[in-house]
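Data block below; observations after.
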Amino acid sequence: MLQNTRNAFLLIATALGAAAQAQNQKPNIVLVLMDNFGWGEPGVYGGGILRGAPTPRIDKLAGEGMRLLNFNVEAQCTPSRAALLTGRYAIRTGNSTVPIETPLYGLTRWEYTMAEMLSDGGYSTAMYGKWHLGHTAGRFPTDQGFEEWYGIANSSNDSFWPDNPRFRPGAHPYVKVSQVLQSRKGGEPTAVKVYDLQARALIDRELTERSIGFMRKQAVGRKPFFLYLPYTQTHMPVTPEPEFKGKTRNGDFADVLAQTDAYLGRLLDEVDRLGIRDNTIFIFTSDNGPEATTPYQGFSGPWRSTYFTAFEGSLRVPFLIRWPGRIPAGAVSNEMVHEMDLFPTLARVAGGRVPNDRIIDGVDQLDFFQGRKSESSREAIVIYVGSEIYGVKWRNWKMMTKQVDRGFNEPVKQFSYPIWFDLQTDPKEENPLDPRWVENGWVRWPVGQALTDHKASLKKEPPIPPGTPDPYVPASGNLR
């Protein structure tokens, strides 16, 4: 009897010890980033069947965690990814626009990425997908904190080239067939296959399978992991893989939406199967607003316009975050959050280091995410399109000094005096001269302060010019 009692106490102590260990263990982090995926695409954001395909797995994920209605990103692919991974406005890192001026683009080695921060904090790191932050030696994901990578260096635009009879490889040193690449930390990327239209249709399935393989490998180890999965859809060309081609009978975009939902479901099912659900932060979001190019155009829901603009359709994207037992299930908020905020937030979660030798624009949102406070830690963002400031958002108010109506082939309007929108009474930004603005002219002071402070910070720490080679040393001489 005594022995049985001792055994029972031993089992209880072991169970309590394991529970305490799990409680104190750093969580795994899975960050799924879509490409040109508009606010209005998933069912839980008003899309789904409206767009020709239900999204039950995305919608279920929303109910299991927190859904943000006012999650903001940058207006283009490259600046958005730079801001996400560094916690800094892209203008600071020399990546304020997709590469046009120079083929030497991306993050200098001086930048400290989310992957480096988490790796230094004891995480295994991997990336599978689109990079778009450099395609030259020293500028690949495995130079920036990721232990392994499989994907494309630039954009899916390039998949048109190999099958295009008008393509002229060699016309310039960087006019060449795009490749699917792979690399490991400390090595140079190697080409796996040509990234043509056939590979383009299949790549997101490959990224899903490799991500699942990585999680399986990491689940048996002792280290937490960071899985960054920047899918290539729904960037043009929006082409489904054979399993989903014609599945919805509502066209390629609907087929890809169904495909994306299914891939996400496979990831979530694997997290459950591995028994790591309760200790895994799972994030689903997008790099910017919807595709503008017909016939691949996306849907921004109630918001105006597409990527490459300063309208809400460009800046607001879906954002879902699940951390069972830590982030309240079913929470919905219209509080303002920016993708830059993920860097300091995840640093706090993981015990990582936030650099103090440079300006970090992100703010810690952990207390907000976990429901310990009802308000976001952010009140304002400065709106860039390329390297130009177009305006400022402060709470529900928006000041615009410039405007471009759509992503491409539109003139830029410069206003003689800023125009103003109240995003609560005019969410589609259709009535900038609404007389209610005059009644609330006081908002020019906090909005103006946010802009003044940002401009002052650019003088304090001048932006890295596009095309800056490595090694880069800031003027102050400070190095991390």
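Going by the structure tokens order, chains are called A, B, ..., each with residues numbered from 1, while ligands are numbered from 1 in the order shown.
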
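Shell of Leu69 of chain A at 10 Å, with only C-alpha atoms counted and residues fewer than 3 places along the chain excluded, is A:Trp39, A:Tyr45, A:Met66, A:Asn72, A:Arg316, A:Val317, A:Pro318, A:Phe319, A:Leu320, A:Val332, A:Ser333, A:Asn334, A:Glu335, A:Met336, A:Val337.
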
Those residues you just picked out, can you put them in a file as an mmCIF file, in the first residue's frame with C-alpha atoms?
data_model
loop_
_atom_site.group_PDB
_atom_site.id
_atom_site.type_symbol
_atom_site.label_atom_id
_atom_site.label_comp_id
_atom_site.auth_asym_id
_atom_site.auth_seq_id
_atom_site.Cartn_x
_atom_site.Cartn_y
_atom_site.Cartn_z
ATOM 1 C CA TRP A 39 -8.218 41.658 -46.690
ATOM 2 C CA TYR A 45 -13.170 38.549 -43.584
ATOM 3 C CA MET A 66 -7.339 36.560 -32.353
ATOM 4 C CA ASN A 72 -1.224 47.182 -41.401
ATOM 5 C CA ARG A 316 -4.888 46.379 -44.316
ATOM 6 C CA VAL A 317 -4.533 42.620 -44.624
ATOM 7 C CA PRO A 318 -5.867 39.589 -42.756
ATOM 8 C CA PHE A 319 -4.113 38.759 -39.516
ATOM 9 C CA LEU A 320 -4.852 35.725 -37.354
ATOM 10 C CA VAL A 332 -11.659 40.356 -32.627
ATOM 11 C CA SER A 333 -10.208 43.857 -32.627
ATOM 12 C CA ASN A 334 -10.071 46.944 -34.815
ATOM 13 C CA GLU A 335 -7.103 48.341 -32.891
ATOM 14 C CA MET A 336 -4.152 49.407 -35.050
ATOM 15 C CA VAL A 337 -1.198 47.010 -35.302
#

query = Among segment 224-407 of chain A, which residues carry a DSSP assignment of strand (DSSP E or B), reported as an MDAnalysis selection string?
reply = chainID A and resid 225:230 280:286 316 319:322 331:333 337:338 380:385 388:394 397:403

Exercise for review: Tell me which protein, DNA and RNA residues are within 7 Å of Gly145 of chain A, counting only C-alpha atoms, leaving out same-chain ones fewer than 5 positions away, and put them as a list in words.
Suggested key: Thr113, Ala115, Glu116 and Ser119 of chain A

Dump as a CSV table (one decimal), in the first residue's frame, selection limited to C-alpha atoms:
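The resulting out_32.csv:
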chain,number,residue,atom,x,y,z
A,113,THR,CA,16.4,40.0,-38.6
A,115,ALA,CA,15.4,35.0,-37.7
A,116,GLU,CA,18.7,36.1,-36.3
A,119,SER,CA,18.3,31.9,-33.6

Report as a CSV table (one decimal) with N, CA and C atoms, in the first residue's frame all protein, DNA and RNA residues lying within 9 Å of Ser80 of chain A, evaluated on only C-alpha atoms, omitting residues in the same chain fewer than 5 positions from it.
chain,number,residue,atom,x,y,z
A,73,VAL,N,0.4,46.8,-43.2
A,73,VAL,CA,1.6,46.4,-43.8
A,73,VAL,C,2.1,47.5,-44.7
A,74,GLU,N,3.2,47.3,-45.4
A,74,GLU,CA,3.7,48.3,-46.3
A,74,GLU,C,3.0,48.0,-47.7
A,75,ALA,N,3.2,48.9,-48.6
A,75,ALA,CA,2.4,48.9,-49.9
A,75,ALA,C,2.9,48.0,-50.9
A,85,LEU,N,10.6,41.6,-41.0
A,85,LEU,CA,11.8,40.9,-40.5
A,85,LEU,C,12.7,41.7,-39.6
A,89,TYR,N,10.8,50.6,-40.3
A,89,TYR,CA,10.3,51.1,-41.6
A,89,TYR,C,11.3,50.7,-42.7
A,90,ALA,N,10.8,50.3,-43.8
A,90,ALA,CA,11.7,49.8,-44.9
A,90,ALA,C,12.6,50.9,-45.5
A,95,ASN,N,15.1,49.5,-48.5
A,95,ASN,CA,14.2,48.6,-49.2
A,95,ASN,C,12.8,49.2,-49.3
A,96,SER,N,12.7,50.5,-49.6
A,96,SER,CA,11.4,51.1,-49.6
A,96,SER,C,10.6,50.8,-50.8
A,287,ASP,N,1.6,40.0,-47.1
A,287,ASP,CA,2.6,41.0,-47.2
A,287,ASP,C,2.0,42.4,-47.6
A,288,ASN,N,1.0,42.4,-48.4
A,288,ASN,CA,0.3,43.6,-48.7
A,288,ASN,C,-1.1,43.3,-49.3
A,339,GLU,N,2.9,45.4,-39.0
A,339,GLU,CA,3.7,44.2,-39.1
A,339,GLU,C,5.1,44.3,-38.4
A,340,MET,N,5.6,45.6,-38.3
A,340,MET,CA,6.8,45.8,-37.6
A,340,MET,C,6.7,45.4,-36.1

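Compared by their closest atoms to Ile360 of chain A, and using only C-alpha atoms, the residues A:Arg168, A:His132, A:Arg92, A:Arg210 rank with A:Arg92 nearest.
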
- Query: So which one's closest to Asp341 of chain A, A:Gln414, A:Thr86, A:Thr142, A:Ser387? Using only C-alpha atoms, please.
  - Reply: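 For Asp341 of chain A, the nearest of the candidates is A:Thr86.
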
Q | For Leu315 of chain A, the nearest of the candidates A:Gly151, A:Gly129, A:Pro290, A:Gly441, counting only C-alpha atoms | A |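 Smallest separation from Leu315 of chain A among the options: A:Pro290.
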
Per residue of segment 237-350 of chain A within 10 Å of segment 365-380 of chain A, note the shortest atom pair and the distance in Å to one decimal, counting only C-alpha atoms, and order the rows by chain and increasing residue number, as a tab-separated table.
residue	atom	partner	partner_atom	distance
A:Ile321	CA	A:Phe369	CA	8.4
A:Arg322	CA	A:Phe369	CA	9.5
A:Trp323	CA	A:Gln370	CA	8.9
A:Gly325	CA	A:Gln370	CA	9.1
A:Arg326	CA	A:Gln370	CA	5.8
A:Ile327	CA	A:Gln370	CA	4.5
A:Pro328	CA	A:Gln370	CA	6.4
A:Ala329	CA	A:Gln370	CA	9.9
A:Ala331	CA	A:Gly371	CA	8.5
A:Ser333	CA	A:Ser374	CA	8.7
A:Asn334	CA	A:Ser376	CA	9.3
A:Glu335	CA	A:Ser376	CA	5.6
A:Met336	CA	A:Arg378	CA	6.3
A:Val337	CA	A:Arg378	CA	6.3
A:His338	CA	A:Arg378	CA	8.1
A:Asp341	CA	A:Gln365	CA	6.6
A:Leu342	CA	A:Gln365	CA	7.6
A:Phe343	CA	A:Gln365	CA	9.7
A:Pro344	CA	A:Gln365	CA	8.0
A:Thr345	CA	A:Gln365	CA	5.5
A:Leu346	CA	A:Leu366	CA	8.0
A:Ala347	CA	A:Leu366	CA	9.9
A:Arg348	CA	A:Leu366	CA	7.8
A:Val349	CA	A:Leu366	CA	7.8

Taking N, CA and C atoms for each residue, export the selection above as a JSON list (two decimals), in the first residue's frame.
[["chain", "number", "residue", "atom", "x", "y", "z"],
["A", 321, "ILE", "N", -3.86, 35.15, -35.22],
["A", 321, "ILE", "CA", -2.80, 34.63, -34.36],
["A", 321, "ILE", "C", -3.42, 33.73, -33.30],
["A", 322, "ARG", "N", -2.88, 32.52, -33.18],
["A", 322, "ARG", "CA", -3.37, 31.53, -32.22],
["A", 322, "ARG", "C", -2.23, 31.09, -31.30],
["A", 323, "TRP", "N", -2.50, 31.12, -30.01],
["A", 323, "TRP", "CA", -1.60, 30.56, -29.01],
["A", 323, "TRP", "C", -2.50, 30.03, -27.90],
["A", 325, "GLY", "N", -4.58, 28.99, -24.86],
["A", 325, "GLY", "CA", -4.40, 29.25, -23.44],
["A", 325, "GLY", "C", -3.70, 30.55, -23.13],
["A", 326, "ARG", "N", -3.14, 31.20, -24.14],
["A", 326, "ARG", "CA", -2.41, 32.46, -23.93],
["A", 326, "ARG", "C", -3.08, 33.63, -24.65],
["A", 327, "ILE", "N", -3.58, 33.38, -25.85],
["A", 327, "ILE", "CA", -4.32, 34.40, -26.61],
["A", 327, "ILE", "C", -5.78, 33.99, -26.62],
["A", 328, "PRO", "N", -6.68, 34.85, -26.15],
["A", 328, "PRO", "CA", -8.10, 34.47, -26.04],
["A", 328, "PRO", "C", -8.69, 34.02, -27.38],
["A", 329, "ALA", "N", -9.35, 32.89, -27.36],
["A", 329, "ALA", "CA", -10.00, 32.37, -28.58],
["A", 329, "ALA", "C", -11.20, 33.23, -28.93],
["A", 331, "ALA", "N", -11.23, 36.26, -30.12],
["A", 331, "ALA", "CA", -11.05, 37.70, -29.94],
["A", 331, "ALA", "C", -11.00, 38.39, -31.30],
["A", 333, "SER", "N", -10.53, 42.48, -32.97],
["A", 333, "SER", "CA", -10.21, 43.86, -32.63],
["A", 333, "SER", "C", -9.97, 44.70, -33.87],
["A", 334, "ASN", "N", -10.36, 45.97, -33.77],
["A", 334, "ASN", "CA", -10.07, 46.94, -34.81],
["A", 334, "ASN", "C", -8.95, 47.89, -34.39],
["A", 335, "GLU", "N", -8.24, 47.53, -33.32],
["A", 335, "GLU", "CA", -7.10, 48.34, -32.89],
["A", 335, "GLU", "C", -5.98, 48.25, -33.93],
["A", 336, "MET", "N", -5.22, 49.33, -34.05],
["A", 336, "MET", "CA", -4.15, 49.41, -35.05],
["A", 336, "MET", "C", -2.91, 48.63, -34.62],
["A", 337, "VAL", "N", -2.45, 47.74, -35.48],
["A", 337, "VAL", "CA", -1.20, 47.01, -35.30],
["A", 337, "VAL", "C", -0.46, 47.05, -36.63],
["A", 338, "HIS", "N", 0.85, 47.09, -36.59],
["A", 338, "HIS", "CA", 1.66, 47.07, -37.82],
["A", 338, "HIS", "C", 2.55, 45.84, -37.80],
["A", 341, "ASP", "N", 5.52, 45.44, -35.57],
["A", 341, "ASP", "CA", 5.33, 45.15, -34.15],
["A", 341, "ASP", "C", 5.62, 43.69, -33.81],
["A", 342, "LEU", "N", 5.62, 42.82, -34.81],
["A", 342, "LEU", "CA", 5.87, 41.40, -34.53],
["A", 342, "LEU", "C", 7.29, 41.17, -34.04],
["A", 343, "PHE", "N", 8.24, 41.97, -34.48],
["A", 343, "PHE", "CA", 9.63, 41.77, -34.06],
["A", 343, "PHE", "C", 9.78, 41.91, -32.55],
["A", 344, "PRO", "N", 9.44, 43.07, -31.95],
["A", 344, "PRO", "CA", 9.60, 43.18, -30.49],
["A", 344, "PRO", "C", 8.64, 42.29, -29.72],
["A", 345, "THR", "N", 7.48, 42.01, -30.29],
["A", 345, "THR", "CA", 6.52, 41.14, -29.60],
["A", 345, "THR", "C", 7.06, 39.72, -29.48],
["A", 346, "LEU", "N", 7.55, 39.19, -30.59],
["A", 346, "LEU", "CA", 8.10, 37.83, -30.56],
["A", 346, "LEU", "C", 9.42, 37.78, -29.81],
["A", 347, "ALA", "N", 10.16, 38.88, -29.80],
["A", 347, "ALA", "CA", 11.39, 38.92, -29.02],
["A", 347, "ALA", "C", 11.06, 38.76, -27.53],
["A", 348, "ARG", "N", 10.01, 39.40, -27.08],
["A", 348, "ARG", "CA", 9.62, 39.26, -25.67],
["A", 348, "ARG", "C", 9.16, 37.84, -25.37],
["A", 349, "VAL", "N", 8.39, 37.26, -26.28],
["A", 349, "VAL", "CA", 7.92, 35.89, -26.10],
["A", 349, "VAL", "C", 9.09, 34.92, -26.00]]

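You can rank A:Asn70, A:Val192, A:Leu268, A:Leu274 by their closest distance to Arg395 of chain A using only C-alpha atoms, and at the top of that list sits A:Asn70.
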
- DSSP alpha helix (DSSP H) selection over segment 277-464 of chain A, as a ChimeraX atom specification: /A:312-315,342-350,366-369,436-439,444-460

Selection above as a file: C-alpha atoms, as a CSV table (one decimal), in the first residue's frame:
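Here's the written file again09.csv:
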chain,number,residue,atom,x,y,z
A,312,GLU,CA,-6.7,51.0,-46.8
A,313,GLY,CA,-7.0,48.2,-49.4
A,314,SER,CA,-3.3,48.4,-49.8
A,315,LEU,CA,-2.4,48.6,-46.1
A,342,LEU,CA,5.9,41.4,-34.5
A,343,PHE,CA,9.6,41.8,-34.1
A,344,PRO,CA,9.6,43.2,-30.5
A,345,THR,CA,6.5,41.1,-29.6
A,346,LEU,CA,8.1,37.8,-30.6
A,347,ALA,CA,11.4,38.9,-29.0
A,348,ARG,CA,9.6,39.3,-25.7
A,349,VAL,CA,7.9,35.9,-26.1
A,350,ALA,CA,11.2,34.2,-27.0
A,366,LEU,CA,2.0,41.0,-26.3
A,367,ASP,CA,-0.2,42.4,-23.6
A,368,PHE,CA,-2.7,43.4,-26.2
A,369,PHE,CA,-2.6,40.0,-27.9
A,436,ARG,CA,-17.1,66.8,-40.3
A,437,TRP,CA,-13.4,67.1,-40.9
A,438,VAL,CA,-13.6,70.8,-40.1
A,439,GLU,CA,-15.4,70.0,-36.9
A,444,ARG,CA,-4.0,67.7,-37.2
A,445,TRP,CA,-1.9,68.1,-34.0
A,446,PRO,CA,-1.4,64.4,-33.1
A,447,VAL,CA,-1.1,63.5,-36.7
A,448,GLY,CA,1.4,66.2,-37.4
A,449,GLN,CA,3.4,65.2,-34.4
A,450,ALA,CA,3.7,61.6,-35.6
A,451,LEU,CA,5.0,62.9,-38.9
A,452,THR,CA,7.4,65.4,-37.3
A,453,ASP,CA,8.8,62.7,-35.0
A,454,HIS,CA,9.3,60.3,-37.9
A,455,LYS,CA,11.1,62.9,-40.0
A,456,ALA,CA,13.3,63.8,-37.1
A,457,SER,CA,14.3,60.1,-36.7
A,458,LEU,CA,15.4,60.0,-40.3
A,459,LYS,CA,17.8,62.8,-39.6
A,460,LYS,CA,19.0,61.2,-36.5

Give me the residues within 12 Å of Ile212 of chain A as a PDB file with N, CA and C atoms, in the first residue's frame, counting only C-alpha atoms and dropping any in the same chain fewer than 3 places off.
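Listing of out08.pdb after writing:
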ATOM      1  N   VAL A  30       5.159  29.616 -35.898  1.00  0.00           N
ATOM      2  CA  VAL A  30       4.894  29.374 -37.319  1.00  0.00           C
ATOM      3  C   VAL A  30       4.290  30.649 -37.888  1.00  0.00           C
ATOM      4  N   ALA A 126      13.925  28.038 -40.056  1.00  0.00           N
ATOM      5  CA  ALA A 126      13.841  27.605 -41.453  1.00  0.00           C
ATOM      6  C   ALA A 126      12.867  28.496 -42.191  1.00  0.00           C
ATOM      7  N   MET A 127      13.127  28.663 -43.469  1.00  0.00           N
ATOM      8  CA  MET A 127      12.251  29.441 -44.344  1.00  0.00           C
ATOM      9  C   MET A 127      11.996  28.639 -45.605  1.00  0.00           C
ATOM     10  N   TYR A 128      10.741  28.602 -46.011  1.00  0.00           N
ATOM     11  CA  TYR A 128      10.357  27.954 -47.263  1.00  0.00           C
ATOM     12  C   TYR A 128       9.429  28.898 -48.012  1.00  0.00           C
ATOM     13  N   ARG A 205       2.653  23.835 -52.885  1.00  0.00           N
ATOM     14  CA  ARG A 205       2.512  22.484 -52.328  1.00  0.00           C
ATOM     15  C   ARG A 205       3.858  21.998 -51.795  1.00  0.00           C
ATOM     16  N   GLU A 206       4.922  22.249 -52.555  1.00  0.00           N
ATOM     17  CA  GLU A 206       6.256  21.855 -52.103  1.00  0.00           C
ATOM     18  C   GLU A 206       6.629  22.565 -50.809  1.00  0.00           C
ATOM     19  N   LEU A 207       6.308  23.850 -50.725  1.00  0.00           N
ATOM     20  CA  LEU A 207       6.622  24.612 -49.519  1.00  0.00           C
ATOM     21  C   LEU A 207       5.876  24.050 -48.316  1.00  0.00           C
ATOM     22  N   THR A 208       4.636  23.644 -48.530  1.00  0.00           N
ATOM     23  CA  THR A 208       3.846  23.046 -47.454  1.00  0.00           C
ATOM     24  C   THR A 208       4.470  21.735 -46.993  1.00  0.00           C
ATOM     25  N   GLU A 209       4.829  20.899 -47.950  1.00  0.00           N
ATOM     26  CA  GLU A 209       5.413  19.590 -47.607  1.00  0.00           C
ATOM     27  C   GLU A 209       6.738  19.749 -46.874  1.00  0.00           C
ATOM     28  N   MET A 215       8.813  20.602 -39.306  1.00  0.00           N
ATOM     29  CA  MET A 215       8.166  20.504 -37.994  1.00  0.00           C
ATOM     30  C   MET A 215       8.317  19.110 -37.408  1.00  0.00           C
ATOM     31  N   ARG A 216       8.205  18.087 -38.246  1.00  0.00           N
ATOM     32  CA  ARG A 216       8.371  16.714 -37.752  1.00  0.00           C
ATOM     33  C   ARG A 216       9.778  16.504 -37.199  1.00  0.00           C
ATOM     34  N   LYS A 217      10.745  17.028 -37.906  1.00  0.00           N
ATOM     35  CA  LYS A 217      12.132  16.867 -37.470  1.00  0.00           C
ATOM     36  C   LYS A 217      12.377  17.609 -36.162  1.00  0.00           C
ATOM     37  N   GLN A 218      11.804  18.800 -36.039  1.00  0.00           N
ATOM     38  CA  GLN A 218      12.055  19.614 -34.851  1.00  0.00           C
ATOM     39  C   GLN A 218      11.279  19.126 -33.637  1.00  0.00           C
ATOM     40  N   ALA A 219      10.140  18.488 -33.864  1.00  0.00           N
ATOM     41  CA  ALA A 219       9.287  18.081 -32.749  1.00  0.00           C
ATOM     42  C   ALA A 219       9.952  17.046 -31.854  1.00  0.00           C
ATOM     43  N   LEU A 227       9.397  28.659 -37.896  1.00  0.00           N
ATOM     44  CA  LEU A 227       9.117  28.314 -39.282  1.00  0.00           C
ATOM     45  C   LEU A 227       8.488  29.522 -39.963  1.00  0.00           C
ATOM     46  N   TYR A 228       9.200  30.062 -40.931  1.00  0.00           N
ATOM     47  CA  TYR A 228       8.706  31.192 -41.723  1.00  0.00           C
ATOM     48  C   TYR A 228       8.304  30.649 -43.082  1.00  0.00           C
ATOM     49  N   LEU A 229       7.025  30.774 -43.418  1.00  0.00           N
ATOM     50  CA  LEU A 229       6.470  30.192 -44.642  1.00  0.00           C
ATOM     51  C   LEU A 229       5.821  31.281 -45.489  1.00  0.00           C
ATOM     52  N   TYR A 263      -3.953  23.770 -47.822  1.00  0.00           N
ATOM     53  CA  TYR A 263      -2.563  23.720 -47.369  1.00  0.00           C
ATOM     54  C   TYR A 263      -2.456  24.172 -45.914  1.00  0.00           C
ATOM     55  N   LEU A 264      -3.164  25.241 -45.586  1.00  0.00           N
ATOM     56  CA  LEU A 264      -3.134  25.710 -44.204  1.00  0.00           C
ATOM     57  C   LEU A 264      -3.677  24.634 -43.269  1.00  0.00           C
ATOM     58  N   GLY A 265      -4.730  23.956 -43.707  1.00  0.00           N
ATOM     59  CA  GLY A 265      -5.287  22.875 -42.904  1.00  0.00           C
ATOM     60  C   GLY A 265      -4.287  21.756 -42.667  1.00  0.00           C
ATOM     61  N   ARG A 266      -3.487  21.432 -43.677  1.00  0.00           N
ATOM     62  CA  ARG A 266      -2.481  20.382 -43.518  1.00  0.00           C
ATOM     63  C   ARG A 266      -1.427  20.793 -42.480  1.00  0.00           C
ATOM     64  N   LEU A 267      -1.045  22.059 -42.500  1.00  0.00           N
ATOM     65  CA  LEU A 267      -0.092  22.547 -41.508  1.00  0.00           C
ATOM     66  C   LEU A 267      -0.673  22.454 -40.100  1.00  0.00           C
ATOM     67  N   LEU A 268      -1.904  22.916 -39.947  1.00  0.00           N
ATOM     68  CA  LEU A 268      -2.551  22.903 -38.634  1.00  0.00           C
ATOM     69  C   LEU A 268      -2.767  21.475 -38.133  1.00  0.00           C
ATOM     70  N   ASP A 269      -3.137  20.593 -39.035  1.00  0.00           N
ATOM     71  CA  ASP A 269      -3.325  19.187 -38.641  1.00  0.00           C
ATOM     72  C   ASP A 269      -2.011  18.573 -38.172  1.00  0.00           C
ATOM     73  N   GLU A 270      -0.915  18.959 -38.825  1.00  0.00           N
ATOM     74  CA  GLU A 270       0.378  18.411 -38.428  1.00  0.00           C
ATOM     75  C   GLU A 270       0.801  18.934 -37.050  1.00  0.00           C
ATOM     76  N   VAL A 271       0.522  20.211 -36.792  1.00  0.00           N
ATOM     77  CA  VAL A 271       0.805  20.751 -35.464  1.00  0.00           C
ATOM     78  C   VAL A 271       0.057  19.944 -34.402  1.00  0.00           C
ATOM     79  N   ASP A 272      -1.197  19.617 -34.672  1.00  0.00           N
ATOM     80  CA  ASP A 272      -1.986  18.805 -33.732  1.00  0.00           C
ATOM     81  C   ASP A 272      -1.408  17.400 -33.610  1.00  0.00           C
ATOM     82  N   ARG A 273      -1.072  16.786 -34.736  1.00  0.00           N
ATOM     83  CA  ARG A 273      -0.587  15.412 -34.736  1.00  0.00           C
ATOM     84  C   ARG A 273       0.718  15.281 -33.952  1.00  0.00           C
ATOM     85  N   LEU A 274       1.537  16.313 -34.031  1.00  0.00           N
ATOM     86  CA  LEU A 274       2.820  16.293 -33.337  1.00  0.00           C
ATOM     87  C   LEU A 274       2.689  16.605 -31.844  1.00  0.00           C
TER      88      LEU A 274
END

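Ranking A:Phe284, A:Phe299, A:Trp420, A:Phe308 by their shortest atom-to-atom distance to Pro432 of chain A, with only C-alpha atoms included, puts A:Trp420 first.
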
Tell me which of A:Ala82, A:Met34, A:Ala258, A:Ala137 sits closest to Pro189 of chain A, counting only C-alpha atoms.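 Among the listed residues, A:Ala137 lies closest to Pro189 of chain A.
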
- request: Within 9 Å of Gly467 of chain A, counting only C-alpha atoms, which residues show up once you throw out same-chain ones fewer than 2 positions away? Write them as a PyMOL selection string, please.
  value: chain A and resi 94+101-106+464-465+469
